[in-house]
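**Q** Hey, dropping structure-v9.txt in here, compact mmCIF, C-alpha atoms:
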# COMPACT_ATOMS: atom_id res chain seq x y z
CA MET A 1 -19.35 -75.42 -30.83
CA ASP A 2 -18.47 -73.81 -27.50
CA VAL A 3 -17.15 -76.87 -25.71
CA SER A 4 -16.35 -74.91 -22.54
CA GLY A 5 -20.03 -74.19 -22.07
CA TYR A 6 -21.38 -77.35 -23.65
CA LYS A 7 -24.71 -78.56 -22.28
CA LYS A 8 -26.36 -81.79 -23.36
CA ASN A 9 -29.82 -81.29 -24.86
CA ASN A 10 -31.75 -84.40 -23.90
CA THR A 11 -34.80 -83.46 -25.96
CA GLN A 12 -32.80 -83.75 -29.16
CA THR A 13 -31.17 -87.10 -28.45
CA SER A 14 -33.54 -89.03 -26.19
CA ASN A 15 -34.68 -91.26 -29.07
CA LEU A 16 -31.30 -91.73 -30.74
CA GLY A 17 -29.72 -95.14 -31.11
CA TYR A 18 -26.35 -95.71 -29.51
CA LEU A 19 -24.38 -95.07 -32.70
CA GLU A 20 -26.13 -91.77 -33.33
CA LEU A 21 -25.73 -90.77 -29.70
CA HIS A 22 -22.05 -91.66 -29.71
CA GLU A 23 -21.52 -89.61 -32.86
CA LYS A 24 -23.29 -86.61 -31.34
CA LEU A 25 -21.37 -86.55 -28.06
CA ILE A 26 -17.82 -85.27 -27.56
CA VAL A 27 -15.46 -88.22 -27.14
CA VAL A 28 -12.07 -87.69 -25.49
CA GLU A 29 -9.58 -90.55 -25.72
CA GLY A 30 -7.89 -89.61 -22.48
CA HIS A 31 -4.75 -91.71 -22.80
CA SER A 32 -3.11 -92.83 -26.04
CA ASP A 33 0.36 -94.17 -26.83
CA LEU A 34 -0.26 -93.80 -30.56
CA MET A 35 2.88 -91.70 -31.02
CA VAL A 36 4.95 -94.85 -30.45
CA ASP A 37 3.79 -96.18 -33.80
CA ILE A 38 3.70 -92.82 -35.55
CA VAL A 39 7.33 -92.08 -34.68
CA ARG A 40 8.55 -95.40 -36.01
CA ARG A 41 6.53 -94.90 -39.18
CA HIS A 42 8.18 -91.51 -39.60
CA GLN A 43 11.52 -93.24 -39.17
CA ARG A 44 10.57 -95.57 -42.02
CA GLY A 45 9.89 -92.58 -44.24
CA GLU A 46 6.09 -92.44 -43.95
CA ASN A 47 4.33 -89.08 -43.84
CA ALA A 48 0.88 -87.85 -42.71
CA VAL A 49 0.37 -91.01 -40.66
CA PHE A 50 -2.75 -89.69 -38.94
CA SER A 51 -4.39 -89.07 -42.30
CA ASN A 52 -3.14 -92.17 -44.09
CA LYS A 53 -3.26 -94.77 -41.30
CA TYR A 54 -5.53 -93.69 -38.46
CA ALA A 55 -8.15 -91.26 -39.79
CA ASP A 56 -10.77 -93.88 -40.57
CA LYS A 57 -10.28 -95.71 -37.27
CA LEU A 58 -10.51 -92.54 -35.20
CA LYS A 59 -13.62 -91.43 -37.07
CA LYS A 60 -15.24 -94.83 -36.61
CA GLY A 61 -14.51 -94.55 -32.89
CA GLY A 62 -16.08 -91.09 -32.81
CA VAL A 63 -12.96 -89.54 -31.27
CA ASN A 64 -12.99 -85.72 -31.08
CA VAL A 65 -10.03 -85.14 -28.77
CA ILE A 66 -7.01 -87.35 -28.10
CA ILE A 67 -4.46 -87.02 -25.28
CA LEU A 68 -1.17 -88.19 -26.76
CA SER A 69 1.72 -89.49 -24.71
CA ALA A 70 4.75 -87.65 -26.10
CA GLY A 71 7.52 -89.25 -24.08
CA GLY A 72 8.04 -90.55 -20.58
CA ASP A 73 9.79 -93.15 -18.47
CA SER A 74 9.09 -96.50 -20.10
CA ARG A 75 11.62 -98.13 -22.42
CA SER A 76 8.67 -99.59 -24.31
CA MET A 77 8.01 -96.08 -25.63
CA ASN A 78 11.60 -95.00 -26.25
CA ALA A 79 11.32 -94.21 -29.98
CA GLY A 80 14.59 -96.00 -30.63
CA SER A 81 16.62 -94.61 -27.73
CA ASP A 82 17.11 -95.23 -24.02
CA ASP A 83 17.48 -91.48 -23.48
CA PRO A 84 14.11 -90.22 -22.17
CA LEU A 85 14.92 -86.61 -23.04
CA TRP A 86 15.71 -87.51 -26.65
CA GLN A 87 12.64 -89.70 -27.07
CA ALA A 88 10.35 -87.00 -25.64
CA LEU A 89 11.72 -84.39 -28.02
CA LYS A 90 11.45 -86.85 -30.90
CA LYS A 91 7.79 -87.50 -30.16
CA ILE A 92 6.97 -83.82 -29.67
CA GLN A 93 8.59 -83.10 -33.03
CA ALA A 94 6.52 -85.93 -34.54
CA VAL A 95 3.30 -84.39 -33.20
CA TYR A 96 4.19 -81.07 -34.83
CA LYS A 97 5.03 -82.88 -38.07
CA GLU A 98 1.62 -84.59 -38.06
CA ASN A 99 -0.04 -81.29 -37.18
CA ASP A 100 1.36 -79.95 -40.45
CA GLU A 101 1.00 -82.98 -42.71
CA SER A 102 -2.40 -84.17 -41.42
CA ARG A 103 -3.81 -80.70 -40.82
CA GLU A 104 -7.06 -81.53 -42.59
CA LEU A 105 -7.75 -84.07 -39.82
CA VAL A 106 -5.94 -83.00 -36.64
CA SER A 107 -5.11 -79.82 -34.75
CA LEU A 108 -2.59 -79.44 -31.93
CA CYS A 109 -4.24 -77.79 -28.93
CA THR A 110 -2.80 -76.00 -25.91
CA SER A 111 -6.02 -74.43 -24.58
CA ILE A 112 -9.77 -74.96 -24.45
CA GLY A 113 -10.10 -72.25 -27.10
CA ASP A 114 -8.02 -74.42 -29.42
CA ILE A 115 -10.36 -77.35 -28.75
CA GLU A 116 -13.37 -75.23 -29.62
CA GLU A 117 -11.73 -74.25 -32.91
CA ALA A 118 -10.82 -77.86 -33.69
CA LEU A 119 -14.37 -79.06 -33.06
CA ALA A 120 -15.85 -76.24 -35.10
CA SER A 121 -13.64 -77.22 -38.05
CA LYS A 122 -14.42 -80.94 -37.51
CA LYS A 123 -10.81 -81.79 -36.70
CA ILE A 124 -9.50 -84.01 -33.94
CA GLY A 125 -7.94 -81.93 -31.19
CA MET A 126 -4.60 -83.21 -29.86
CA PHE A 127 -3.22 -82.48 -26.39
CA MET A 128 0.28 -83.68 -25.45
CA THR A 129 1.29 -85.25 -22.15
CA LEU A 130 4.41 -86.88 -20.70
CA GLU A 131 3.98 -90.38 -19.24
CA GLY A 132 6.59 -90.16 -16.52
CA GLY A 133 8.97 -87.43 -15.38
CA ARG A 134 12.34 -88.80 -16.52
CA PRO A 135 12.44 -86.39 -19.50
CA LEU A 136 12.69 -83.54 -16.96
CA ARG A 137 16.07 -84.86 -15.82
CA ASP A 138 16.72 -83.06 -12.51
CA ASP A 139 16.03 -79.53 -13.74
CA ILE A 140 12.85 -77.77 -12.61
CA ALA A 141 13.21 -75.32 -15.51
CA MET A 142 12.43 -78.21 -17.87
CA VAL A 143 8.80 -78.13 -16.71
CA GLU A 144 8.29 -74.69 -18.22
CA LEU A 145 10.31 -75.65 -21.28
CA TYR A 146 7.96 -78.56 -21.99
CA TYR A 147 5.03 -76.26 -21.35
CA ARG A 148 6.39 -73.88 -24.01
CA LEU A 149 6.72 -76.85 -26.38
CA GLY A 150 3.02 -77.60 -25.90
CA ILE A 151 2.90 -80.20 -23.12
CA ARG A 152 -0.15 -79.59 -20.94
CA SER A 153 -0.07 -82.60 -18.61
CA ILE A 154 2.60 -84.70 -16.93
CA GLN A 155 2.10 -88.15 -15.46
CA LEU A 156 4.61 -87.93 -12.65
CA THR A 157 5.85 -91.55 -12.62
CA TRP A 158 5.63 -94.76 -14.52
CA ASN A 159 6.02 -98.14 -12.77
CA GLY A 160 9.51 -97.53 -11.41
CA ARG A 161 11.19 -94.85 -9.36
CA ASN A 162 12.31 -91.59 -10.90
CA LEU A 163 13.55 -88.29 -9.51
CA ILE A 164 9.97 -87.18 -8.76
CA GLY A 165 8.77 -90.16 -6.74
CA ASP A 166 7.95 -93.86 -6.74
CA GLY A 167 5.82 -95.71 -9.25
CA CYS A 168 3.58 -98.62 -8.33
CA GLY A 169 6.38 -101.09 -9.05
CA GLU A 170 8.35 -99.62 -6.10
CA ARG A 171 5.41 -99.65 -3.68
CA GLU A 172 7.24 -101.75 -1.07
CA THR A 173 9.55 -98.84 -0.24
CA ASN A 174 6.69 -96.46 0.68
CA GLY A 175 8.60 -93.67 -1.05
CA LYS A 176 6.81 -90.34 -1.35
CA LEU A 177 7.44 -87.32 -3.54
CA THR A 178 11.05 -86.21 -3.44
CA ARG A 179 11.97 -82.57 -2.88
CA PHE A 180 12.33 -82.29 -6.63
CA GLY A 181 8.93 -83.95 -7.05
CA LYS A 182 7.29 -81.42 -4.75
CA ALA A 183 8.84 -78.61 -6.76
CA VAL A 184 7.52 -80.17 -9.99
CA VAL A 185 3.97 -80.33 -8.59
CA LYS A 186 4.11 -76.69 -7.49
CA GLU A 187 5.53 -75.59 -10.84
CA MET A 188 2.79 -77.46 -12.69
CA ASN A 189 0.20 -75.74 -10.49
CA ARG A 190 1.75 -72.38 -11.34
CA LEU A 191 1.85 -72.96 -15.09
CA GLY A 192 -1.58 -74.55 -15.37
CA MET A 193 -0.64 -78.14 -16.19
CA VAL A 194 -2.74 -81.21 -15.42
CA ILE A 195 -1.13 -83.50 -12.83
CA ASP A 196 -1.61 -87.19 -13.61
CA VAL A 197 -0.92 -89.79 -10.90
CA SER A 198 -1.49 -92.92 -12.99
CA HIS A 199 1.14 -95.57 -12.21
CA ALA A 200 2.12 -93.79 -8.96
CA SER A 201 2.70 -95.72 -5.76
CA GLU A 202 0.15 -95.10 -3.04
CA SER A 203 2.68 -93.15 -0.99
CA THR A 204 3.48 -90.89 -3.93
CA PHE A 205 -0.23 -90.51 -4.67
CA TYR A 206 -0.99 -89.29 -1.15
CA SER A 207 1.93 -86.88 -1.05
CA VAL A 208 0.75 -85.32 -4.34
CA VAL A 209 -2.72 -84.92 -2.89
CA GLU A 210 -1.28 -83.11 0.13
CA ILE A 211 0.47 -80.36 -1.80
CA SER A 212 -1.32 -79.88 -5.13
CA ASP A 213 -3.53 -76.80 -5.31
CA SER A 214 -5.31 -78.14 -8.40
CA PRO A 215 -7.41 -81.23 -9.09
CA ILE A 216 -5.48 -84.34 -10.07
CA ILE A 217 -6.37 -86.97 -12.62
CA VAL A 218 -5.68 -90.68 -12.94
CA SER A 219 -5.74 -90.92 -16.72
CA HIS A 220 -5.98 -94.71 -17.01
CA ALA A 221 -6.94 -97.03 -14.15
CA ASN A 222 -9.90 -98.94 -12.72
CA ALA A 223 -11.21 -99.99 -9.31
CA ARG A 224 -8.98 -102.30 -7.28
CA ALA A 225 -11.99 -103.61 -5.36
CA LEU A 226 -13.13 -105.32 -8.57
CA CYS A 227 -9.70 -106.21 -9.96
CA ASP A 228 -6.83 -106.54 -7.50
CA HIS A 229 -4.05 -105.16 -9.67
CA VAL A 230 -1.53 -102.68 -8.33
CA ARG A 231 -2.26 -100.28 -11.18
CA ASN A 232 -5.87 -99.92 -10.05
CA LEU A 233 -7.13 -97.58 -7.33
CA THR A 234 -8.30 -98.34 -3.82
CA ASP A 235 -11.68 -97.02 -2.69
CA ASP A 236 -9.95 -94.32 -0.66
CA GLN A 237 -7.95 -93.15 -3.68
CA VAL A 238 -11.08 -93.02 -5.84
CA LYS A 239 -12.85 -90.90 -3.24
CA ILE A 240 -9.90 -88.54 -2.83
CA VAL A 241 -9.57 -87.92 -6.58
CA ALA A 242 -13.27 -87.04 -6.65
CA GLU A 243 -13.07 -84.85 -3.55
CA LYS A 244 -10.30 -82.81 -5.18
CA GLY A 245 -12.47 -82.36 -8.26
CA GLY A 246 -10.46 -84.72 -10.45
CA VAL A 247 -11.33 -87.63 -12.72
CA ILE A 248 -10.37 -91.27 -13.25
CA GLY A 249 -10.07 -92.54 -16.82
CA ILE A 250 -11.49 -96.04 -17.06
CA CYS A 251 -8.94 -98.28 -18.71
CA PHE A 252 -9.63 -101.01 -21.28
CA TYR A 253 -6.31 -102.76 -20.66
CA PRO A 254 -7.30 -106.42 -19.98
CA VAL A 255 -5.49 -107.07 -16.69
CA PHE A 256 -6.95 -103.90 -15.18
CA ILE A 257 -10.50 -105.09 -15.95
CA ASP A 258 -10.28 -108.65 -14.68
CA LEU A 259 -7.31 -110.92 -14.04
CA LYS A 260 -9.00 -113.97 -15.59
CA GLU A 261 -11.79 -113.05 -18.00
CA PRO A 262 -11.87 -109.37 -18.97
CA SER A 263 -14.96 -108.22 -20.86
CA LEU A 264 -16.98 -105.15 -21.72
CA GLU A 265 -19.53 -106.08 -19.05
CA LYS A 266 -16.81 -106.24 -16.41
CA LEU A 267 -15.45 -102.89 -17.57
CA LEU A 268 -18.95 -101.48 -17.13
CA ASP A 269 -18.92 -102.94 -13.61
CA HIS A 270 -15.91 -100.69 -12.92
CA VAL A 271 -17.85 -97.71 -14.25
CA ASP A 272 -20.81 -98.53 -11.99
CA TYR A 273 -18.54 -99.03 -9.00
CA ILE A 274 -16.65 -95.75 -9.39
CA VAL A 275 -19.83 -93.77 -10.08
CA ASN A 276 -21.56 -95.26 -7.03
CA LEU A 277 -18.51 -94.55 -4.90
CA ALA A 278 -17.54 -91.08 -6.11
CA GLY A 279 -20.23 -89.70 -8.42
CA ILE A 280 -20.76 -89.28 -12.14
CA ASP A 281 -18.41 -86.28 -12.35
CA SER A 282 -15.41 -88.42 -11.33
CA ILE A 283 -15.03 -90.63 -14.40
CA SER A 284 -13.65 -90.28 -17.92
CA LEU A 285 -12.02 -92.43 -20.61
CA GLY A 286 -8.43 -93.70 -20.56
CA PRO A 287 -8.55 -96.67 -22.94
CA ASP A 288 -4.78 -97.30 -23.34
CA PHE A 289 -5.16 -99.29 -26.56
CA VAL A 290 -1.91 -100.87 -27.76
CA ASP A 291 -3.05 -102.90 -30.76
CA TYR A 292 -0.87 -100.82 -33.07
CA ALA A 293 2.42 -101.59 -31.34
CA LEU A 294 2.27 -104.91 -29.50
CA ASP A 295 5.65 -105.88 -30.93
CA LEU A 296 7.20 -102.87 -29.15
CA PHE A 297 5.32 -103.08 -25.86
CA LEU A 298 5.40 -106.76 -24.98
CA PRO A 299 9.17 -107.39 -24.88
CA SER A 300 9.84 -104.60 -22.40
CA LEU A 301 6.78 -104.61 -20.16
CA ALA A 302 7.67 -107.84 -18.40
CA GLY A 303 10.69 -106.35 -16.66
CA GLU A 304 9.28 -102.95 -15.73
CA GLY A 305 7.93 -103.39 -12.24
CA THR A 306 4.55 -105.09 -12.46
CA SER A 307 2.73 -107.87 -14.26
CA TYR A 308 1.11 -107.21 -17.64
CA ARG A 309 1.05 -110.86 -18.80
CA ASP A 310 3.11 -112.26 -21.64
CA GLU A 311 0.29 -111.82 -24.13
CA LEU A 312 -2.27 -109.07 -24.59
CA SER A 313 -5.75 -109.98 -25.68
CA PHE A 314 -8.26 -107.15 -25.37
CA PRO A 315 -11.91 -108.23 -25.21
CA ASP A 316 -13.26 -108.20 -28.76
CA GLU A 317 -16.00 -105.66 -27.97
CA ILE A 318 -13.38 -103.16 -26.80
CA ARG A 319 -10.36 -104.28 -28.77
CA ASP A 320 -9.35 -100.93 -30.34
CA VAL A 321 -10.46 -97.34 -30.88
CA THR A 322 -13.08 -98.35 -33.48
CA THR A 323 -15.06 -100.16 -30.77
CA LEU A 324 -15.64 -97.14 -28.51
CA PRO A 325 -19.33 -96.92 -29.55
CA ASN A 326 -19.84 -100.28 -27.82
CA LEU A 327 -19.13 -98.57 -24.51
CA THR A 328 -21.91 -96.08 -25.23
CA ARG A 329 -24.26 -98.95 -26.03
CA GLY A 330 -23.33 -100.65 -22.77
CA LEU A 331 -23.83 -97.49 -20.74
CA LEU A 332 -27.29 -97.01 -22.25
CA LEU A 333 -28.21 -100.59 -21.41
CA ARG A 334 -27.03 -100.00 -17.85
CA GLY A 335 -29.48 -97.11 -17.57
CA TYR A 336 -27.14 -94.12 -17.78
CA SER A 337 -28.76 -90.93 -19.07
CA GLU A 338 -27.49 -89.28 -22.20
CA GLU A 339 -26.14 -86.37 -20.14
CA ASP A 340 -24.19 -88.73 -17.88
CA ILE A 341 -22.80 -90.66 -20.86
CA GLY A 342 -21.66 -87.33 -22.28
CA LYS A 343 -19.78 -86.64 -19.06
CA ILE A 344 -18.09 -90.05 -19.10
CA LEU A 345 -17.13 -89.93 -22.78
CA GLY A 346 -15.56 -86.51 -22.67
CA MET A 347 -17.06 -83.62 -20.78
CA ASN A 348 -15.64 -84.50 -17.36
CA LEU A 349 -12.09 -84.43 -18.70
CA ILE A 350 -12.83 -81.32 -20.77
CA ARG A 351 -13.95 -79.70 -17.50
CA ILE A 352 -10.57 -80.45 -15.92
CA TYR A 353 -8.66 -79.00 -18.85
CA LYS A 354 -10.87 -75.92 -18.84
CA GLN A 355 -10.29 -75.38 -15.12
CA ILE A 356 -6.54 -76.00 -15.07
CA VAL A 357 -5.22 -75.27 -18.56
CA GLY A 358 -7.80 -72.62 -19.42
Could you render the structure from this file as structure tokens?

**A**
Amino acid sequence: MDVSGYKKNNTQTSNLGYLELHEKLIVVEGHSDLMVDIVRRHQRGENAVFSNKYADKLKKGGVNVIILSAGGDSRSMNAGSDDPLWQALKKIQAVYKENDESRELVSLCTSIGDIEEALASKKIGMFMTLEGGRPLRDDIAMVELYYRLGIRSIQLTWNGRNLIGDGCGERETNGKLTRFGKAVVKEMNRLGMVIDVSHASESTFYSVVEISDSPIIVSHANARALCDHVRNLTDDQVKIVAEKGGVIGICFYPVFIDLKEPSLEKLLDHVDYIVNLAGIDSISLGPDFVDYALDLFLPSLAGEGTSYRDELSFPDEIRDVTTLPNLTRGLLLRGYSEEDIGKILGMNLIRIYKQIVG
């Protein structure tokens, strides 16, 4: 399958049920912290974790491509160390280990051509990203080093402040990109890396927009107009991401859907809102499931700059990766065409990677 030139054929799928349609379309899980669990399983002596633990779940969810967080700022993802450089290298090494041991299921990708090959061989394509810039230390040369290791996207900040800029947990300071942060953005533009401004403060967000020559993404967030959480985007931010040709990955994380009663229907309200505000080409998937590592996430999230609640209870209809077909069902019931559902599930984000990574 030539994913770079993929066109939805409505005549072949117009009468399909939602499960058949979901299976036919390319599904990109645009933000996953799965490596947190895989690394600790490696540390326990387990091998081929993708094949032995997650293959059936990913297949049930219809996932074709997964964007894996391979390090970053948060201590909740530190792989047993408070050193962000060490934990990033540990996770990158773990991705390569899985690429070898689970090679019948997954394939590490660094280009759209790699994705095409993975899809043709019915494997799940894996892209690597950093969720926060602390693993760069203060050395601009580290950007290219991570690129050479296979990283194709960097989320510039997490909730707190780093050497690049301010996260949403530091929003009161109105801090923008630092000089180092500006250099990182320009270097990412040069190399062909996807800039992710999830978790960024509004000031940092706007300063990235000013200097980036490429589209930006927000890999996992929803509309603040519907759920007033600092991790969600204002109307102006949504419009700007779209105007620059970027995408916003709708997030299944409960407190980003609704502060009181999150549900699939309310998540679909976010989809409707963003599409009505910015167009169908502006939205993708950024589920951010954490069911596989709640014991690691919960203890550290409380003190990292913003509220995530003391307990995490995802709505049952969207509780983990196996439930992704329910989103397709909901989109059909809301009247979305099969072509538009294909864009939301994967093709919009594939378009970004084709344009920037190539």

**Q** Which one of A:Val230, A:Leu85, A:Ala221, A:Ala200 sits closest to Ile274 (chain A) if you count all atoms listed in the file?

**A**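 For Ile274 (chain A), the nearest of the candidates is A:Ala221.
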
**Q** I'd like the neighbourhood of region 104-121 of chain A as a PyMOL selection string, where a residue qualifies if any of its atoms comes within 10 Å (using all atoms listed in the file), though same-chain residues fewer than 3 positions away should be ignored.

**A** chain A and resi 1-4+26+48+50-51+54-55+59+64-67+95-96+98-101+124-128+147-152+350-351+353-358

**Q** So that I can check the surroundings of Gln237 (chain A), please list as a list of chain:residue names every protein, DNA and RNA residue that reaches within 10 Å of it, counting all atoms listed in the file and ignoring chain neighbours fewer than 4 positions away.

**A** A:Glu202, A:Phe205, A:Tyr206, A:Val209, A:Val218, A:Ala223, A:Arg224, A:Asn232, A:Leu233, A:Val241, A:Ala242, A:Glu243

**Q** Give me, as a tab-separated table, each residue of region 108-159 of chain A that comes within 7 Å of region 182-196 of chain A, together with its shortest interatomic pair and the distance in Å at one decimal, counting only C-alpha atoms, with rows ordered by chain and rising residue number.

**A**
residue	atom	partner	partner_atom	distance
A:Ile140	CA	A:Val184	CA	6.4
A:Arg152	CA	A:Met193	CA	5.0
A:Ser153	CA	A:Val194	CA	4.4
A:Ile154	CA	A:Ile195	CA	5.7
A:Gln155	CA	A:Asp196	CA	4.3
A:Leu156	CA	A:Asp196	CA	6.3

**Q** Taking all atoms of region 136-154 of chain A that the file lists, what box with edges along x, y and z, padded by 3 Å per side, do you get, with centre and edge lengths in Å to one decimal, as JSON?

**A**
{"center_x": 8.3, "center_y": -79.4, "center_z": -19.4, "size_x": 22.9, "size_y": 17.0, "size_z": 19.9}

**Q** With distances taken over all atoms listed in the file, which residue among A:Met35, A:Val238, A:Ile250, A:Val49 lies nearest His220 (chain A)?

**A**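 Checking each candidate against His220 (chain A), we get A:Ile250 as the closest.
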
**Q** What gap, in Å, lies between CA of Gly132 (chain A) and CA of Ser74 (chain A)?

**A**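 Computed distance, CA of Gly132 (chain A) to CA of Ser74 (chain A), equals 7.7 Å.
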
**Q** Please provide the set of residues having any atom within 8 Å of region 269-273 of chain A, restricted to all atoms listed in the file, with same-chain residues fewer than 2 positions apart removed, written as a PyMOL selection string.

**A** chain A and resi 222-223+226+250+257+265-267+275-277+283

**Q** Given the choices A:Ala70, A:Arg137, A:Phe180, A:Gly249, which gets closest to Lys90 (chain A) if the distance is worked out from only C-alpha atoms?

**A**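 Nearest candidate to Lys90 (chain A) out of A:Ala70, A:Arg137, A:Phe180, A:Gly249: A:Ala70.
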
**Q** Give me the residues near Leu259 (chain A) as a list in words, where near means some atom within 9 Å (using all atoms listed in the file) and where sequence neighbours in that chain fewer than 5 positions away do not count.

**A**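 Counting only the stated atoms, we get Cys227, Asp228, His229 and Pro254 of chain A.
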
**Q** Go ahead and write the selection's residues with C-alpha atoms as a CSV table (one decimal), in the coordinates of the input.

**A**
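The file below, part13.csv, is the result:
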chain,number,residue,atom,x,y,z
A,227,CYS,CA,-9.7,-106.2,-10.0
A,228,ASP,CA,-6.8,-106.5,-7.5
A,229,HIS,CA,-4.0,-105.2,-9.7
A,254,PRO,CA,-7.3,-106.4,-20.0

**Q** Extract, using only C-alpha atoms, all DNA, RNA and protein residues at most 8 Å from Tyr253 (chain A), discarding same-chain residues fewer than 3 positions from it, and format them as a list in words.

**A**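 Residues near the query, excluding close chain neighbours: Phe256, Ile257, Pro287, Asp288, Phe289 and Phe314 of chain A.
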
**Q** So the first atom is CA of Ser337 (chain A) and the second is CA of Glu23 (chain A); what is the distance between them in Å, to one decimal place?

**A** 15.6 Å
